[in-house]
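S.K.: Provided herewith: my_file-v1.cif, mmCIF, C-alpha atoms.
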```
data_target
loop_
_atom_site.label_atom_id
_atom_site.label_comp_id
_atom_site.auth_asym_id
_atom_site.auth_seq_id
_atom_site.Cartn_x
_atom_site.Cartn_y
_atom_site.Cartn_z
CA MET Z 705 -169.55 -50.94 -53.53
CA ARG Z 706 -169.35 -54.60 -54.43
CA ARG Z 707 -170.98 -54.00 -57.79
CA TRP Z 708 -167.88 -52.01 -58.87
CA ILE Z 709 -165.46 -54.81 -58.12
CA GLY Z 710 -166.16 -56.56 -61.43
CA PRO Z 711 -165.64 -53.49 -63.65
CA PHE Z 712 -162.56 -52.55 -61.60
CA VAL Z 713 -161.00 -55.96 -62.17
CA VAL Z 714 -161.82 -55.70 -65.88
CA LEU Z 715 -160.20 -52.26 -65.91
CA LEU Z 716 -157.01 -53.64 -64.37
CA VAL Z 717 -156.85 -56.66 -66.66
CA SER Z 718 -157.52 -54.52 -69.74
CA THR Z 719 -154.79 -52.09 -68.72
CA VAL Z 720 -152.19 -54.80 -68.17
CA ALA Z 721 -153.17 -56.62 -71.37
CA ALA Z 722 -153.08 -53.49 -73.53
CA HIS Z 723 -149.77 -52.47 -71.97
CA ALA Z 724 -148.17 -55.85 -72.67
CA LEU Z 725 -149.62 -56.16 -76.17
CA THR Z 726 -148.45 -52.67 -77.11
CA LEU Z 727 -144.89 -53.47 -76.01
CA HIS Z 728 -144.97 -56.87 -77.66
CA PHE Z 729 -146.14 -55.65 -81.04
CA ALA Z 730 -144.49 -52.22 -81.19
CA PRO Z 731 -141.15 -53.41 -82.67
CA SER Z 732 -142.88 -55.58 -85.29
CA VAL Z 733 -145.25 -52.81 -86.31
CA ILE Z 734 -142.46 -50.25 -86.48
CA MET Z 735 -140.22 -52.64 -88.43
CA ALA Z 736 -143.04 -53.50 -90.85
CA GLN Z 737 -143.65 -49.81 -91.46
CA ALA Z 738 -139.94 -49.24 -91.97
CA MET Z 739 -139.66 -52.13 -94.43
CA ASP Z 740 -142.63 -50.84 -96.39
CA ALA Z 741 -141.06 -47.38 -96.42
CA LEU Z 742 -137.74 -48.84 -97.62
CA ALA Z 743 -139.55 -50.70 -100.38
CA GLU Z 744 -141.33 -47.52 -101.45
CA ARG Z 745 -137.98 -45.76 -101.58
CA GLY Z 746 -136.50 -48.36 -103.89
CA VAL Z 747 -134.65 -50.72 -101.54
CA ALA Z 748 -134.79 -53.99 -103.43
CA LEU Z 749 -135.93 -57.40 -102.29
CA HIS Z 750 -133.06 -59.91 -102.43
CA ALA Z 751 -130.46 -57.45 -103.71
CA PHE Z 752 -128.26 -54.81 -102.14
CA THR Z 753 -129.44 -51.45 -103.34
CA PRO Z 754 -126.57 -49.04 -104.14
CA PRO Z 755 -127.11 -46.16 -101.73
CA SER Z 756 -126.85 -42.44 -102.09
CA ARG Z 757 -124.56 -40.75 -99.61
CA VAL Z 758 -126.53 -39.96 -96.45
CA THR Z 759 -127.44 -36.29 -96.39
CA PRO Z 760 -130.40 -34.38 -94.97
CA GLN Z 761 -131.96 -34.72 -98.42
CA THR Z 762 -131.45 -38.48 -98.86
CA GLN Z 763 -131.81 -39.90 -95.32
CA GLN Z 764 -134.29 -42.77 -95.11
CA VAL Z 765 -134.25 -43.88 -91.48
CA VAL Z 766 -133.80 -42.07 -88.18
CA ARG Z 767 -130.28 -41.32 -86.97
CA SER Z 768 -128.48 -42.33 -90.15
CA SER Z 769 -124.76 -41.61 -89.95
CA PRO Z 770 -123.40 -39.31 -92.68
CA ASP Z 771 -119.99 -40.95 -92.19
CA LEU Z 772 -121.02 -44.36 -93.43
CA TYR Z 773 -121.93 -46.13 -96.66
CA TYR Z 774 -125.16 -48.06 -96.03
CA ALA Z 775 -126.34 -50.79 -98.41
CA LEU Z 776 -129.65 -52.48 -97.57
CA CYS Z 777 -131.18 -55.74 -98.73
CA ARG Z 778 -134.72 -56.73 -97.77
CA TYR Z 779 -135.40 -60.44 -97.62
CA ASP Z 780 -138.41 -62.73 -97.47
CA LEU Z 781 -137.77 -66.43 -96.85
CA ALA Z 782 -141.44 -67.36 -96.42
CA ASN Z 783 -141.46 -69.68 -99.44
CA PRO Z 784 -140.41 -73.23 -98.51
CA GLY Z 785 -136.86 -74.01 -99.49
CA ALA Z 786 -135.84 -70.40 -99.93
CA THR Z 787 -132.37 -69.37 -98.81
CA LEU Z 788 -130.20 -66.34 -99.32
CA ALA Z 789 -126.57 -66.18 -100.51
CA ILE Z 790 -124.89 -63.03 -99.21
CA THR Z 791 -121.50 -61.56 -100.02
CA MET Z 792 -119.94 -58.40 -98.62
CA GLY Z 793 -117.15 -57.23 -100.90
CA ALA Z 794 -113.71 -56.35 -99.54
CA TRP Z 795 -113.10 -52.90 -98.05
CA PRO Z 796 -109.86 -51.68 -96.44
CA ASP Z 797 -111.51 -49.84 -93.54
CA TYR Z 798 -114.20 -50.81 -91.08
CA GLN Z 799 -117.17 -52.63 -92.56
CA SER Z 800 -119.85 -54.89 -91.12
CA LEU Z 801 -122.69 -57.09 -92.31
CA ALA Z 802 -125.63 -56.89 -89.90
CA PHE Z 803 -128.83 -58.95 -89.91
CA PHE Z 804 -132.12 -57.67 -88.46
CA ASP Z 805 -135.26 -59.74 -88.11
CA ALA Z 806 -138.88 -58.62 -88.34
CA ARG Z 807 -138.86 -57.65 -84.65
CA THR Z 808 -135.80 -55.38 -85.13
CA ASP Z 809 -133.45 -57.83 -83.37
CA ASN Z 810 -129.87 -57.63 -84.61
CA PHE Z 811 -129.48 -61.41 -84.63
CA ALA Z 812 -126.06 -61.55 -86.28
CA THR Z 813 -123.24 -59.18 -87.19
CA LEU Z 814 -120.09 -60.09 -89.13
CA ARG Z 815 -117.15 -57.72 -89.26
CA GLY Z 816 -115.13 -57.67 -92.46
CA THR Z 817 -112.45 -55.02 -92.20
CA GLY Z 818 -110.00 -55.57 -95.05
CA ARG Z 819 -111.67 -58.67 -96.45
CA SER Z 820 -114.71 -60.09 -98.20
CA VAL Z 821 -117.34 -62.09 -96.29
CA SER Z 822 -119.75 -64.67 -97.71
CA ILE Z 823 -122.55 -66.36 -95.76
CA ARG Z 824 -125.90 -68.03 -96.37
CA LEU Z 825 -129.11 -67.09 -94.57
CA LEU Z 826 -131.55 -69.91 -93.87
CA PRO Z 827 -135.29 -69.65 -93.10
CA PRO Z 828 -136.64 -69.95 -89.52
CA GLY Z 829 -136.52 -73.46 -88.09
CA SER Z 830 -133.66 -74.62 -90.32
CA ALA Z 831 -131.00 -76.90 -88.92
CA PRO Z 832 -127.70 -75.07 -88.28
CA GLN Z 833 -125.13 -75.49 -91.06
CA PRO Z 834 -121.51 -74.43 -91.42
CA GLY Z 835 -121.25 -71.10 -93.22
CA ALA Z 836 -124.90 -70.31 -92.63
CA ILE Z 837 -127.06 -68.30 -90.23
CA VAL Z 838 -130.68 -69.14 -89.39
CA SER Z 839 -133.03 -66.16 -89.50
CA PRO Z 840 -135.45 -66.02 -86.53
CA THR Z 841 -138.20 -64.64 -88.79
CA ALA Z 842 -139.03 -65.10 -92.46
CA ARG Z 843 -138.65 -61.42 -93.26
CA GLY Z 844 -135.93 -58.99 -92.34
CA VAL Z 845 -133.25 -56.58 -93.47
CA ILE Z 846 -129.51 -56.99 -94.07
CA LEU Z 847 -127.32 -53.95 -93.76
CA ILE Z 848 -123.73 -53.37 -94.89
CA ARG Z 849 -121.95 -50.45 -93.25
CA ARG Z 850 -118.65 -49.15 -94.60
CA LEU Z 851 -116.67 -46.35 -93.07
CA ALA Z 852 -116.70 -43.65 -95.76
CA PRO Z 853 -116.66 -40.21 -94.14
CA ASP Z 854 -116.08 -38.10 -97.27
CA ALA Z 855 -117.26 -38.00 -100.87
CA ALA Z 856 -114.15 -39.66 -102.32
CA ARG Z 857 -114.24 -42.53 -99.82
CA PHE Z 858 -117.96 -42.94 -100.43
CA ALA Z 859 -117.34 -43.27 -104.16
CA ALA Z 860 -114.69 -45.91 -103.43
CA ALA Z 861 -117.10 -47.72 -101.11
CA ALA Z 862 -119.70 -47.73 -103.87
CA GLN Z 863 -117.10 -49.32 -106.15
CA ALA Z 864 -116.44 -52.00 -103.52
CA GLY Z 865 -120.20 -52.48 -103.29
CA ARG Z 866 -120.24 -53.90 -106.82
CA SER Z 867 -118.98 -57.11 -105.24
CA ASP Z 868 -121.85 -57.21 -102.73
CA ALA Z 869 -124.54 -59.83 -103.33
CA CYS Z 870 -127.85 -60.76 -101.70
CA ARG Z 871 -129.31 -63.50 -103.88
CA LEU Z 872 -132.32 -65.76 -103.35
CA GLU Z 873 -131.58 -69.44 -103.89
CA ARG Z 874 -133.21 -72.78 -103.23
CA LEU Z 875 -132.21 -74.69 -100.12
CA ALA Z 876 -130.10 -77.70 -101.04
CA SER Z 877 -131.99 -80.89 -100.18
CA MET F 682 -178.45 -54.78 -66.65
CA MET F 683 -177.76 -52.19 -69.34
CA ARG F 684 -175.90 -49.98 -66.88
CA ARG F 685 -173.78 -52.91 -65.79
CA ALA F 686 -172.87 -53.76 -69.37
CA LEU F 687 -171.94 -50.15 -70.00
CA ALA F 688 -169.76 -50.15 -66.88
CA TYR F 689 -167.84 -53.18 -68.15
CA LEU F 690 -167.52 -51.67 -71.62
CA ALA F 691 -166.21 -48.43 -70.14
CA ALA F 692 -163.73 -50.42 -68.04
CA VAL F 693 -162.42 -52.23 -71.13
CA LEU F 694 -162.10 -49.02 -73.12
CA ALA F 695 -160.47 -47.09 -70.27
CA GLY F 696 -158.16 -49.98 -69.45
CA SER F 697 -157.09 -50.33 -73.07
CA ALA F 698 -156.39 -46.61 -73.33
CA LEU F 699 -154.46 -46.65 -70.05
CA GLY F 700 -152.44 -49.70 -71.08
CA LEU F 701 -151.65 -48.29 -74.52
CA GLY F 702 -150.75 -44.87 -73.19
CA SER F 703 -148.65 -46.16 -70.29
CA ALA F 704 -146.73 -48.55 -72.57
CA LEU F 705 -145.97 -45.81 -75.10
CA PHE F 706 -145.03 -43.44 -72.27
CA MET F 707 -142.77 -45.89 -70.45
CA ALA F 708 -141.09 -46.87 -73.73
CA GLY F 709 -140.43 -43.21 -74.48
CA LEU F 710 -142.54 -43.26 -77.64
CA TRP F 711 -145.10 -40.76 -76.42
CA PRO F 712 -145.31 -37.85 -76.10
CA PRO F 713 -142.69 -36.94 -78.75
CA GLY F 714 -139.28 -35.84 -77.51
CA ARG F 715 -139.07 -38.13 -74.46
CA ASN F 716 -136.71 -40.61 -76.07
CA LEU F 717 -133.66 -39.12 -74.43
CA ALA F 718 -134.91 -39.62 -70.89
CA PHE F 719 -133.89 -43.28 -70.97
CA GLY F 720 -130.73 -45.32 -70.97
CA ASP F 721 -128.86 -47.63 -68.67
CA VAL F 722 -125.51 -45.83 -68.96
CA ASP F 723 -124.82 -42.18 -68.18
CA VAL F 724 -121.33 -40.75 -68.59
CA GLY F 725 -121.23 -37.05 -67.87
CA GLY F 726 -124.72 -36.50 -69.27
CA TRP F 727 -124.12 -38.69 -72.36
CA ARG F 728 -126.69 -41.46 -72.16
CA SER F 729 -126.61 -44.87 -73.79
CA ASP F 730 -128.46 -48.15 -73.85
CA PHE F 731 -125.86 -50.87 -74.05
CA ALA F 732 -128.72 -53.29 -74.64
CA VAL F 733 -129.48 -51.66 -77.99
CA GLY F 734 -129.47 -54.09 -80.88
CA SER F 735 -129.44 -57.19 -78.70
CA LYS F 736 -132.22 -59.69 -78.22
CA ALA F 737 -131.81 -59.34 -74.47
CA ALA F 738 -133.06 -55.76 -74.51
CA ASP F 739 -136.11 -55.28 -72.32
CA PRO F 740 -139.41 -54.58 -74.11
CA TYR F 741 -139.35 -50.88 -73.26
CA THR F 742 -135.84 -50.46 -74.67
CA ARG F 743 -136.72 -52.51 -77.73
CA ALA F 744 -139.82 -50.47 -78.48
CA ARG F 745 -137.97 -47.20 -78.10
CA VAL F 746 -134.97 -48.35 -80.15
CA ALA F 747 -137.29 -49.61 -82.88
CA ARG F 748 -138.57 -46.07 -83.22
CA HIS F 749 -135.46 -44.00 -82.54
CA GLY F 750 -132.55 -46.31 -83.35
CA LEU F 751 -133.85 -48.69 -85.97
CA LEU F 752 -131.14 -50.95 -87.46
CA ALA F 753 -128.70 -50.06 -84.69
CA LEU F 754 -125.75 -52.38 -84.11
CA ALA F 755 -125.05 -54.46 -81.00
CA LYS F 756 -122.63 -52.97 -78.48
CA THR F 757 -119.68 -55.16 -79.40
CA GLU F 758 -119.74 -53.51 -82.82
CA ALA F 759 -120.74 -49.99 -81.89
CA VAL F 760 -122.14 -48.05 -78.96
CA TYR F 761 -124.13 -44.86 -79.19
CA PHE F 762 -124.30 -42.06 -76.63
CA THR F 763 -126.76 -39.21 -76.93
CA ARG F 764 -126.94 -35.88 -75.19
CA ALA F 765 -129.45 -33.04 -75.51
CA THR F 766 -128.15 -30.54 -72.94
CA ASP F 767 -125.05 -28.40 -72.52
CA ASP F 768 -122.72 -28.55 -69.53
CA ALA F 769 -124.93 -26.09 -67.65
CA GLY F 770 -128.01 -28.24 -68.22
CA GLY F 771 -129.59 -26.01 -70.88
CA ARG F 772 -131.41 -27.60 -73.82
CA LEU F 773 -129.28 -27.60 -76.98
CA ARG F 774 -130.83 -25.27 -79.53
CA GLU F 775 -130.10 -23.73 -82.88
CA SER F 776 -130.07 -20.15 -81.61
CA CYS F 777 -126.99 -20.77 -79.44
CA THR F 778 -123.32 -21.40 -80.23
CA TYR F 779 -121.45 -24.15 -78.38
CA ARG F 780 -117.94 -25.50 -78.13
CA LEU F 781 -117.80 -29.29 -78.20
CA SER F 782 -114.49 -30.61 -76.89
CA GLY F 783 -113.02 -33.90 -75.83
CA ASP F 784 -110.12 -36.29 -75.56
CA PRO F 785 -109.18 -39.41 -77.55
CA MET F 786 -111.99 -41.97 -77.49
CA PRO F 787 -111.76 -45.64 -76.43
CA ALA F 788 -112.72 -47.01 -79.85
CA ALA F 789 -111.19 -47.72 -83.25
CA TRP F 790 -113.21 -44.91 -84.81
CA TRP F 791 -115.79 -42.41 -83.57
CA SER F 792 -118.03 -39.57 -84.68
CA VAL F 793 -120.37 -36.99 -83.15
CA THR F 794 -123.41 -36.17 -85.29
CA LEU F 795 -126.18 -33.60 -84.80
CA TYR F 796 -129.86 -34.63 -85.10
CA ASP F 797 -132.99 -32.54 -84.87
CA GLY F 798 -135.97 -33.15 -82.58
CA ALA F 799 -137.34 -35.79 -84.96
CA SER F 800 -134.07 -37.78 -84.84
CA MET F 801 -133.28 -36.71 -88.41
CA LEU F 802 -130.29 -34.86 -89.83
CA PRO F 803 -131.16 -31.14 -89.90
CA ALA F 804 -132.52 -29.91 -93.21
CA ASN F 805 -129.56 -27.79 -94.29
CA ASP F 806 -126.95 -28.08 -97.05
CA ASP F 807 -123.92 -26.95 -95.05
CA ASP F 808 -122.12 -30.31 -95.38
CA ALA F 809 -121.15 -29.98 -91.70
CA LEU F 810 -123.18 -32.65 -89.96
CA SER F 811 -120.54 -34.21 -87.72
CA ILE F 812 -117.00 -34.38 -86.45
CA ASP F 813 -115.11 -37.67 -86.47
CA ALA F 814 -111.85 -39.26 -85.40
CA GLU F 815 -110.09 -38.33 -88.63
CA VAL F 816 -111.06 -34.67 -88.47
CA ALA F 817 -110.24 -34.53 -84.76
CA GLY F 818 -106.79 -36.06 -85.18
CA GLU F 819 -104.58 -37.12 -82.28
CA GLY F 820 -105.02 -35.80 -78.75
CA ALA F 821 -107.57 -33.28 -77.50
CA TRP F 822 -110.06 -31.96 -80.05
CA SER F 823 -112.84 -29.40 -80.34
CA ALA F 824 -115.54 -28.23 -82.72
CA ILE F 825 -117.96 -25.31 -82.84
CA ILE F 826 -121.67 -26.04 -83.05
CA ALA F 827 -123.46 -23.07 -84.58
CA PRO F 828 -125.97 -22.22 -87.31
CA ARG F 829 -123.25 -20.39 -89.26
CA ARG F 830 -119.67 -21.33 -90.11
CA PRO F 831 -117.31 -19.96 -87.42
CA ALA F 832 -114.43 -17.69 -88.30
CA GLY F 833 -110.90 -18.97 -87.95
CA GLY F 834 -111.21 -22.38 -89.55
CA ALA F 835 -112.39 -24.30 -86.49
CA ALA F 836 -114.10 -27.63 -87.06
CA TRP F 837 -117.80 -26.92 -87.47
CA ILE F 838 -121.03 -28.81 -86.86
CA SER F 839 -123.92 -26.90 -88.38
CA SER F 840 -127.09 -26.53 -86.30
CA ARG F 841 -128.88 -24.55 -89.01
CA ALA F 842 -132.54 -25.62 -89.30
CA ALA F 843 -132.11 -28.01 -86.36
CA GLY F 844 -134.32 -26.22 -83.82
CA GLU F 845 -133.85 -28.04 -80.52
CA PHE F 846 -131.35 -30.78 -81.22
CA ASP F 847 -129.21 -33.50 -79.71
CA LEU F 848 -125.82 -35.03 -80.42
CA THR F 849 -125.05 -38.70 -80.98
CA LEU F 850 -121.57 -39.99 -80.19
CA ARG F 851 -120.85 -43.22 -82.07
CA LEU F 852 -117.96 -45.40 -80.98
CA TYR F 853 -117.14 -48.14 -83.48
CA MET F 854 -115.26 -51.23 -82.32
CA PRO F 855 -115.31 -49.97 -78.73
CA SER F 856 -112.68 -51.11 -76.28
CA ARG F 857 -113.50 -53.86 -73.80
CA GLU F 858 -112.90 -51.38 -71.00
CA LEU F 859 -115.59 -49.08 -72.38
CA LEU F 860 -118.14 -51.89 -72.45
CA ALA F 861 -117.18 -53.10 -68.98
CA GLN F 862 -116.76 -49.78 -67.20
CA PRO F 863 -118.04 -46.93 -69.36
CA THR F 864 -117.78 -44.26 -66.68
CA ALA F 865 -114.11 -45.08 -66.13
CA ALA F 866 -113.12 -45.61 -69.76
CA LEU F 867 -114.90 -42.73 -71.48
CA SER F 868 -113.86 -39.13 -71.01
CA PRO F 869 -117.19 -37.52 -71.96
CA PRO F 870 -117.04 -34.64 -74.46
CA HIS F 871 -117.89 -31.25 -72.97
CA ILE F 872 -120.52 -28.95 -74.45
CA GLU F 873 -119.87 -25.36 -73.44
CA ARG F 874 -122.45 -22.74 -74.39
CA LEU F 875 -120.60 -19.72 -75.76
CA SER F 876 -123.46 -17.39 -76.70
CA CYS F 877 -127.13 -17.26 -77.68
CA GLU F 878 -128.85 -15.00 -80.17
CA GLY F 879 -131.06 -12.51 -78.44
CA ALA F 880 -129.37 -13.08 -75.09
CA GLY F 881 -128.22 -10.01 -73.18
#
```
In structure tokens, how does this file's structure come out?
M.R.:
Amino acid sequence: MRRWIGPFVVLLVSTVAAHALTLHFAPSVIMAQAMDALAERGVALHAFTPPSRVTPQTQQVVRSSPDLYYALCRYDLANPGATLAITMGAWPDYQSLAFFDARTDNFATLRGTGRSVSIRLLPPGSAPQPGAIVSPTARGVILIRRLAPDAARFAAAAQAGRSDACRLERLAS
Amino acid sequence: MMRRALAYLAAVLAGSALGLGSALFMAGLWPPGRNLAFGDVDVGGWRSDFAVGSKAADPYTRARVARHGLLALAKTEAVYFTRATDDAGGRLRESCTYRLSGDPMPAAWWSVTLYDGASMLPANDDDALSIDAEVAGEGAWSAIIAPRRPAGGAAWISSRAAGEFDLTLRLYMPSRELLAQPTAALSPPHIERLSCEGAG
């Protein structure tokens, strides 16, 4: 009986370790796959990509809302000194600017109903600055949502989207 | 000695498989279709995770949301409720017709959208994927969920090509009361099954 104690302990430790590692890495793996899929589907790096209206034929991620205009910008602040200048153009109805890191955390959301919003995104470890948000990870996704539940409103939202910007810049020294 | 080494190897392999499988199971990632069995809020069968989108979400919620609600907003911006059964407890399915009805919602804007078993919009071109606050108007509202457009001009959510499906209720800019006491603040929409094809 005693000779099975060692393998049994190894079994328990392996189970707990695999369980914890799976949970720990699942969001990162899923997010990495999603970012690769977005890149393959033409979502630009460091630019908001003008979207098509969400339909069964154009949907890119699970549970997209057909009532919203979604504009995505992928970012990568891995290079030293890199920073991102972001602008969400004005829109009369509900709109928001949401930031997601490489572990899918929604680390910041700015609402901008009826107005334009500008902000800078700084790389991980940066000192806080006025008018800037520090990203927890080097890579991530920024998402603008605008309420646009019909074709005419979507076209208007796309027009407003011409004022959106997601531009890579150098961190001021 | 060889047998002992094999015993340890088997323990590592079995433990890894158990750990992987149990984590995926408890996070609702495996087997497929279990994602709706979770949530920390239940209002009349409509389930929600108010931790969605926040860093505070537990690892099981985070793993599940990464798969089924990627890029979801935090609850102060929007909350999402999902339901996969009718008022009688039957699984929502394309072959049946339902009446979805409700009262004004505690949010600045809301919508109810139909998704198939893979959490995707159903592959049809009916342009009838949801009902929202603007279509519903003031006061009580209702819509028919069916694979074909109903007669009489009722609001319609198409279930064509959806198979077994679920509904997601999105509440944008939710009221403080909804976030604090969802069961008191939200009058949950009803889903009444009206008929099923092939049923006697």
S.K.: Report as a tab-separated table: every residue of segment 749-768 of chain F with an atom at most 12 Å from segment 842-860 of chain Z, its closest pair of atoms, and their distance in Å to one decimal, counting all atoms listed in the file, with rows sorted by chain and ascending residue number.
M.R.:
```
residue	atom	partner	partner_atom	distance
F:Leu751	CA	Z:Val845	CA	10.9
F:Leu752	CA	Z:Leu847	CA	8.0
F:Ala753	CA	Z:Leu847	CA	10.0
F:Leu754	CA	Z:Leu847	CA	9.9
F:Glu758	CA	Z:Arg849	CA	11.1
F:Ala759	CA	Z:Arg849	CA	11.4
```
S.K.: Name the residues that the PyMOL selection byres ((chain F) within 8 of (chain Z)) picks from the file above, as a VMD selection string, using the file's chain letters and numbers.
M.R.: chain F and resid 688 to 689 692 to 705 708 734 to 736 740 to 741 743 to 744 747 to 755 758 792 794 796 799 to 806 810 to 811
S.K.: Distance atom CA of Gly793 of chain Z-atom CA of Cys870 of chain Z, one decimal place?
M.R.: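 Going from atom CA of Gly793 of chain Z over to atom CA of Cys870 of chain Z, I get 11.3 Å.
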S.K.: Taking all atoms of segment 831-843 of chain Z that appear in the file, build a box with edges along x, y and z, extend it by 3 Å on every side, and state its centre and edge lengths in Å to one decimal, as AutoDock Vina command-line options.
M.R.:
```
--center_x -130.1 --center_y -69.2 --center_z -89.9 --size_x 23.8 --size_y 21.5 --size_z 12.7
```
S.K.: Suppose you want the space between atom CA of Leu852 of chain F and atom CA of Gly865 of chain Z; what is it in Å?
M.R.: 23.5 Å
S.K.: Can you tell me how far atom CA of Leu872 of chain Z sits from atom CA of Val746 of chain F, in Å to one decimal?
M.R.: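 Separation between atom CA of Leu872 of chain Z and atom CA of Val746 of chain F: 29.1 Å.
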S.K.: Could you list, as a list in words, every residue matched by the PyMOL selection byres ((chain Z and resi 746) around 12) in this structure?
M.R.: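 Going through the file, the PyMOL selection byres ((chain Z and resi 746) around 12) ends up selecting Met739, Asp740, Ala741, Leu742, Ala743, Glu744, Arg745, Val747, Ala748, Leu749, Ala751, Phe752, Thr753, Pro754, Pro755, Ser756, Gln764, Ala775, Leu776, Cys777 and Arg778 of chain Z.
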S.K.: Any chance you could work out the residue set of the PyMOL selection byres ((chain F and resi 870) around 6) here, as a list in words?
M.R.: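 Applying the PyMOL selection byres ((chain F and resi 870) around 6) to the structure shown produces Ser782, Gly783, Pro869 and His871 of chain F.
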S.K.: Write a file of the just-selected residues containing C-alpha atoms, as a compact mmCIF listing (two decimals), in the frame of the given file.
M.R.:
```
# COMPACT_ATOMS: atom_id res chain seq x y z
CA SER F 782 -114.49 -30.61 -76.89
CA GLY F 783 -113.02 -33.90 -75.83
CA PRO F 869 -117.19 -37.52 -71.96
CA HIS F 871 -117.89 -31.25 -72.97
```
S.K.: Taking only C-alpha atoms into account, name the residue in F:Thr864, F:Thr742, F:Ser856, F:Thr778 that is nearest to Trp837 of chain F.
M.R.: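 Smallest distance to Trp837 of chain F is found for F:Thr778.
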S.K.: Which is closest to Arg874 of chain Z among Z:Arg757, Z:Pro827, Z:Gly818, Z:Met705, if we use all atoms listed in the file?
M.R.: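 Smallest distance to Arg874 of chain Z is found for Z:Pro827.
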S.K.: Check the smallest atom-to-atom distance from each of F:Pro785, F:Leu860, F:Ile872, F:Leu848 to Glu819 of chain F using only C-alpha atoms, then report the winner.
M.R.: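 Checking each of F:Pro785, F:Leu860, F:Ile872, F:Leu848 against Glu819 of chain F, counting only C-alpha atoms, the winner is F:Pro785.
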S.K.: Env of Ala836 of chain Z: 8 Å cut, atoms = only C-alpha atoms, seq-sep filter 2 positions within chain, self excluded. Answer as a list of chain:residue names.
M.R.: Z:Ile823, Z:Arg824, Z:Leu825, Z:Leu826, Z:Pro832, Z:Gln833, Z:Pro834, Z:Val838
